[in-house]
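Undergrad: Dropping in protein.txt, which is compact mmCIF, C-alpha atoms:
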```txt
# COMPACT_ATOMS: atom_id res chain seq x y z
CA MET A 1 -40.39 66.27 -54.91
CA PHE A 2 -37.67 63.74 -54.13
CA ARG A 3 -37.32 64.93 -50.56
CA THR A 4 -41.08 64.64 -50.04
CA PHE A 5 -40.98 61.14 -51.50
CA ILE A 6 -38.08 59.89 -49.39
CA PHE A 7 -39.71 61.29 -46.24
CA GLY A 8 -43.03 59.67 -47.07
CA PHE A 9 -41.43 56.33 -47.77
CA PHE A 10 -39.42 56.08 -44.56
CA LEU A 11 -42.30 57.48 -42.57
CA MET A 12 -44.31 54.48 -43.72
CA ILE A 13 -41.49 52.07 -42.89
CA TRP A 14 -41.17 53.44 -39.38
CA SER A 15 -44.88 53.61 -38.67
CA LEU A 16 -45.20 49.95 -39.73
CA GLY A 17 -42.74 48.36 -39.22
CA PHE A 18 -23.73 47.47 -16.38
CA SER A 19 -23.45 48.42 -13.73
CA GLN A 20 -21.52 45.63 -12.08
CA GLU A 21 -20.15 44.67 -8.70
CA THR A 22 -17.38 42.25 -7.78
CA GLU A 23 -17.36 39.92 -4.83
CA LYS A 24 -14.44 38.13 -3.29
CA ASP A 25 -15.05 34.55 -2.24
CA SER A 26 -15.10 34.51 1.56
CA LEU A 27 -14.48 30.79 1.88
CA LEU A 28 -11.32 29.61 3.59
CA PHE A 29 -8.85 28.28 1.04
CA PRO A 30 -6.28 25.58 1.65
CA LYS A 31 -2.70 26.83 1.69
CA ASP A 32 -1.94 25.40 -1.73
CA SER A 33 -5.05 26.75 -3.47
CA VAL A 34 -5.52 29.90 -5.54
CA GLU A 35 -7.98 32.51 -4.36
CA ASP A 36 -10.80 33.02 -6.91
CA TYR A 37 -12.66 36.20 -7.77
CA TYR A 38 -16.21 36.26 -9.00
CA VAL A 39 -18.38 38.85 -10.70
CA ARG A 40 -22.09 39.33 -10.16
CA PHE A 41 -24.07 41.56 -12.49
CA GLU A 42 -26.74 43.75 -10.98
CA GLY A 43 -30.08 41.95 -10.99
CA ASP A 44 -28.45 38.54 -11.42
CA SER A 45 -27.82 36.08 -8.58
CA ILE A 46 -25.31 33.97 -10.52
CA LEU A 47 -21.62 34.52 -9.83
CA MET A 48 -19.35 34.47 -12.85
CA SER A 49 -15.61 33.85 -12.96
CA SER A 50 -15.10 36.00 -16.08
CA ILE A 51 -16.60 38.96 -17.94
CA ALA A 52 -17.41 38.93 -21.64
CA LEU A 53 -15.93 42.08 -23.16
CA ASP A 54 -16.87 43.83 -26.39
CA GLU A 55 -14.56 43.50 -29.35
CA VAL A 56 -11.96 46.25 -29.67
CA TYR A 57 -10.69 47.29 -33.10
CA ILE A 58 -7.37 48.99 -33.73
CA PHE A 59 -7.83 51.25 -36.73
CA GLY A 60 -5.12 52.10 -39.21
CA LYS A 61 -4.34 55.69 -40.07
CA LEU A 62 -6.37 57.01 -42.95
CA GLN A 63 -4.34 57.59 -46.09
CA PHE A 64 -5.45 58.72 -49.52
CA ALA A 65 -3.95 58.64 -52.99
CA ASP A 66 -4.79 62.28 -53.65
CA LYS A 67 -6.99 65.19 -52.57
CA ASN A 68 -9.94 64.02 -54.65
CA GLU A 69 -9.94 60.60 -52.99
CA ARG A 70 -9.78 62.23 -49.58
CA LEU A 71 -12.64 64.54 -50.48
CA ARG A 72 -14.82 61.67 -51.69
CA TYR A 73 -14.22 59.79 -48.45
CA LEU A 74 -15.02 62.83 -46.32
CA ILE A 75 -18.26 63.41 -48.23
CA LEU A 76 -19.25 59.75 -47.78
CA ARG A 77 -18.40 60.03 -44.09
CA ARG A 78 -20.52 63.14 -43.62
CA LYS A 79 -23.50 61.58 -45.36
CA THR A 80 -23.19 58.27 -43.50
CA LEU A 81 -23.01 59.92 -40.09
CA LYS A 82 -26.04 62.00 -41.02
CA VAL A 83 -28.38 59.19 -42.07
CA TYR A 84 -27.28 56.37 -39.73
CA PRO A 85 -29.46 57.56 -36.80
CA TYR A 86 -32.53 57.30 -39.05
CA ALA A 87 -31.65 53.73 -40.08
CA LYS A 88 -31.08 52.81 -36.44
CA LEU A 89 -34.41 54.33 -35.48
CA ALA A 90 -36.17 52.53 -38.32
CA ALA A 91 -34.86 49.16 -37.08
CA GLU A 92 -35.93 49.96 -33.53
CA ARG A 93 -39.40 51.06 -34.65
CA LEU A 94 -39.89 47.89 -36.67
CA VAL A 95 -38.97 45.73 -33.68
CA GLU A 96 -41.24 47.73 -31.39
CA LEU A 97 -44.08 47.60 -33.87
CA ASN A 98 -43.83 43.84 -34.41
CA ASP A 99 -43.66 43.24 -30.65
CA SER A 100 -46.68 45.46 -30.04
CA LEU A 101 -48.79 44.03 -32.87
CA GLN A 102 -48.35 40.53 -31.43
CA HIS A 103 -50.47 41.66 -28.49
CA ILE A 104 -53.11 43.44 -30.61
CA THR A 105 -55.53 40.96 -32.12
CA LYS A 106 -58.08 43.21 -33.81
CA LYS A 107 -57.09 44.77 -37.15
CA ARG A 108 -58.96 47.94 -36.25
CA HIS A 109 -56.79 48.40 -33.16
CA GLN A 110 -53.65 47.55 -35.13
CA LYS A 111 -54.46 50.25 -37.67
CA LYS A 112 -55.13 52.74 -34.89
CA TYR A 113 -51.80 51.92 -33.28
CA THR A 114 -49.81 52.29 -36.50
CA LYS A 115 -51.42 55.67 -37.15
CA LYS A 116 -50.36 56.78 -33.69
CA VAL A 117 -46.75 55.75 -34.42
CA GLN A 118 -46.90 57.51 -37.78
CA LYS A 119 -48.05 60.75 -36.16
CA TYR A 120 -45.20 60.59 -33.67
CA ILE A 121 -42.60 60.04 -36.37
CA GLU A 122 -44.00 62.80 -38.54
CA GLU A 123 -43.96 65.36 -35.75
CA GLU A 124 -40.49 64.35 -34.58
CA PHE A 125 -38.49 63.85 -37.78
CA SER A 126 -40.30 65.25 -40.83
CA ALA A 127 -38.17 68.40 -41.10
CA GLU A 128 -34.90 66.45 -41.02
CA LEU A 129 -35.94 63.73 -43.47
CA LYS A 130 -37.13 66.20 -46.07
CA LYS A 131 -33.62 67.64 -46.21
CA LEU A 132 -32.02 64.39 -47.42
CA THR A 133 -30.35 64.43 -50.84
CA ARG A 134 -30.56 61.59 -53.38
CA THR A 135 -27.20 60.09 -52.35
CA GLU A 136 -28.10 60.36 -48.67
CA GLY A 137 -31.36 58.59 -49.45
CA GLN A 138 -29.52 55.76 -51.18
CA ILE A 139 -27.11 55.35 -48.26
CA LEU A 140 -30.11 55.27 -45.96
CA VAL A 141 -31.65 52.47 -48.04
CA LYS A 142 -28.42 50.47 -47.68
CA LEU A 143 -28.28 51.05 -43.93
CA ILE A 144 -31.91 49.95 -43.58
CA HIS A 145 -30.78 46.63 -45.03
CA ARG A 146 -27.77 46.58 -42.68
CA GLN A 147 -29.95 47.11 -39.61
CA THR A 148 -32.97 44.95 -40.51
CA GLY A 149 -31.64 42.31 -42.91
CA GLU A 150 -34.34 43.21 -45.44
CA THR A 151 -34.32 45.60 -48.34
CA ALA A 152 -36.58 48.64 -48.19
CA PHE A 153 -38.52 47.16 -51.11
CA ASP A 154 -39.18 43.91 -49.24
CA LEU A 155 -40.22 45.80 -46.11
CA VAL A 156 -42.82 47.73 -48.08
CA LYS A 157 -43.99 44.55 -49.79
CA GLU A 158 -44.27 42.72 -46.48
CA LEU A 159 -45.95 45.52 -44.58
CA ARG A 160 -48.20 46.81 -47.34
CA SER A 161 -48.47 45.08 -50.69
CA GLY A 162 -46.48 44.00 -53.72
CA TRP A 163 -48.09 46.69 -55.85
CA ARG A 164 -47.16 49.47 -53.44
CA ALA A 165 -43.59 48.16 -53.26
CA PHE A 166 -43.42 48.21 -57.05
CA TRP A 167 -44.81 51.75 -57.15
CA TYR A 168 -42.35 53.03 -54.57
CA ASN A 169 -39.42 51.41 -56.37
CA THR A 170 -40.52 52.82 -59.72
CA THR A 171 -40.91 56.30 -58.25
CA ALA A 172 -37.55 56.06 -56.50
CA SER A 173 -35.86 54.99 -59.74
CA MET A 174 -36.86 58.34 -61.23
CA PHE A 175 -34.37 59.83 -58.77
CA LYS A 176 -31.79 57.10 -59.51
CA ILE A 177 -32.37 55.46 -56.13
CA SER A 178 -33.21 51.78 -55.73
CA LEU A 179 -35.21 50.48 -52.80
CA LYS A 180 -33.88 47.00 -53.65
CA GLU A 181 -30.31 48.07 -52.88
CA GLU A 182 -28.52 45.80 -50.41
CA PHE A 183 -25.64 46.49 -48.06
CA LEU A 184 -22.76 44.32 -49.36
CA PRO A 185 -19.49 45.29 -47.62
CA GLU A 186 -17.87 42.05 -48.78
CA GLU A 187 -18.44 42.87 -52.44
CA VAL A 188 -18.77 46.65 -52.76
CA LEU A 189 -15.92 48.93 -51.71
CA GLU A 190 -18.21 51.84 -50.91
CA ASP A 191 -20.26 49.62 -48.58
CA TYR A 192 -17.08 48.54 -46.80
CA LEU A 193 -16.08 52.20 -46.42
CA ILE A 194 -19.51 52.91 -44.90
CA GLU A 195 -18.97 50.07 -42.42
CA ASP A 196 -15.48 51.39 -41.65
CA ILE A 197 -16.91 54.85 -41.05
CA LEU A 198 -19.53 53.43 -38.70
CA GLN A 199 -17.04 51.34 -36.71
CA ARG A 200 -14.72 54.33 -36.26
CA ALA A 201 -17.67 56.47 -35.17
CA PHE A 202 -18.84 53.79 -32.70
CA SER A 203 -15.34 53.57 -31.23
CA ALA A 204 -15.13 57.36 -30.88
CA ASN A 205 -18.64 57.51 -29.33
CA GLN A 206 -19.85 59.68 -32.20
CA LEU A 207 -22.70 57.26 -32.88
CA VAL A 208 -24.63 54.84 -30.69
CA ARG A 209 -23.68 51.32 -31.70
CA GLN A 210 -26.28 49.08 -33.24
CA ASN A 211 -24.82 45.87 -34.62
CA SER A 212 -25.73 44.74 -38.09
CA VAL A 213 -27.98 41.71 -38.44
CA LEU A 214 -26.03 40.68 -41.54
CA ASP A 215 -23.42 37.93 -41.42
CA TYR A 216 -19.99 39.48 -41.95
CA ASP A 217 -16.91 40.18 -39.86
CA TYR A 218 -15.48 43.68 -39.91
CA ALA A 219 -11.93 42.54 -39.09
CA GLN A 220 -11.96 40.12 -42.00
CA LEU A 221 -13.39 42.81 -44.27
CA SER A 222 -10.57 45.16 -43.30
CA ASN A 223 -7.98 42.56 -44.26
CA LYS A 224 -9.72 41.91 -47.57
CA TRP A 225 -9.95 45.57 -48.57
CA LYS A 226 -6.60 46.58 -47.07
CA VAL A 227 -4.92 47.12 -50.43
CA ASN A 228 -7.90 48.77 -52.12
CA SER A 229 -9.41 50.83 -49.33
CA PRO A 230 -8.13 54.34 -48.57
CA ALA A 231 -9.60 53.95 -45.11
CA SER A 232 -7.57 50.89 -44.16
CA LYS A 233 -4.03 51.57 -45.37
CA ASN A 234 -1.40 51.87 -42.68
```
Transcribe the structure of this file into structure tokens.

TA:
Amino acid sequence: MFRTFIFGFFLMIWSLGFSQETEKDSLLFPKDSVEDYYVRFEGDSILMSSIALDEVYIFGKLQFADKNERLRYLILRRKTLKVYPYAKLAAERLVELNDSLQHITKKRHQKKYTKKVQKYIEEEFSAELKKLTRTEGQILVKLIHRQTGETAFDLVKELRSGWRAFWYNTTASMFKISLKEEFLPEEVLEDYLIEDILQRAFSANQLVRQNSVLDYDYAQLSNKWKVNSPASKN
């Protein structure tokens, strides 16, 4: 029953909701000048004197107090890697939906479009979503907040109605899962560990990076949790 519920809920959320080339300056330089190099990105006519690079994190070696702590971390890692793609997809679908609905003026056509998205999601992901456990569902709720900046409860309330959001949250609470759960890596150790797991997976190309819309800095989080986190001890 829980698996059917969690699939139905996220199905609703989803249905609603460089190459580069360098050029050397060919101008004649005076003898006492320094030769400059410029970069031009494909499709852009503006020459740039520098390239903005992505942040690079240097991760500490994972250490654990005992076997149980290591096991708990590995379980959290497995579950996080499993559900993250669904949270990423949910955020993408919400952006796509909002962009599309801006160009659809008639409610009848909007409803037809959302049903089409729902059918696609159901055919593509129903089997996988129904396999989620309670803890995987709760992690997914947290990651939805990480990717969209809104709780699952608020998304339901915004896209449907307050009553439906209340009903979903009440039903979810029967399985000890809260749709109002937020992703708080600055306050909750488990949330920081989830972020650490994601950043390591992004760096290792295990997951496709999608930055969080929330306002926090991973490097600062790592310093804060350094003493307490088994994932950040050197």

Undergrad: From the options A:Ser100, A:Thr170, A:Ser222, A:Ser212, which residue's atoms come nearest to Leu193 in chain A, counting only C-alpha atoms?

TA: A:Ser222

Undergrad: Hey, which of A:Ser178, A:Arg72, A:Lys82, A:Thr133 ends up closest to Glu190 in chain A? Count only C-alpha atoms.

TA: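 Smallest separation from Glu190 in chain A among the options: A:Arg72.
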
Undergrad: Compare A:Glu128, A:Glu195, A:Asp66, A:Glu92 by their minimum atom-to-atom distance to Thr148 in chain A, counting all atoms listed in the file, and give me the closest one.

TA: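 Once distances to Thr148 in chain A are computed over all atoms listed in the file, the minimum belongs to A:Glu92.
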
Undergrad: Using CA of Arg146 in chain A and CA of Ile104 in chain A as the two end points, give the distance in Å to one decimal.

TA: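 Distance reported for this atom pair: 28.2 Å.
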
Undergrad: When distances are computed from only C-alpha atoms, which of A:Ile197, A:Leu214, A:Ile144, A:Ile177 shows the smallest separation from Arg93 in chain A?

TA: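 Of all the options, A:Ile144 lies closest to Arg93 in chain A.
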
Undergrad: Rounded to one decimal place, report the CA of Asn205 in chain A-CA of Phe59 in chain A distance in Å.

TA: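 That distance, rounded to one decimal, is 14.5 Å.
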
Undergrad: Show me, as a list of chain:residue names, the residues that have an atom within 10 Å of Lys180 in chain A when counting all atoms listed in the file, minus same-chain residues fewer than 3 positions from it.

TA: A:Val141, A:Lys142, A:His145, A:Glu150, A:Thr151, A:Ala152, A:Phe153, A:Asp154, A:Leu155, A:Ala165, A:Asn169, A:Ile177, A:Phe183

Undergrad: Rounded to one decimal in Å, what is the spacing between CA of Gln210 in chain A and CA of Leu198 in chain A?

TA: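 Atom-to-atom, CA of Gln210 in chain A to CA of Leu198 in chain A, that is 9.7 Å.
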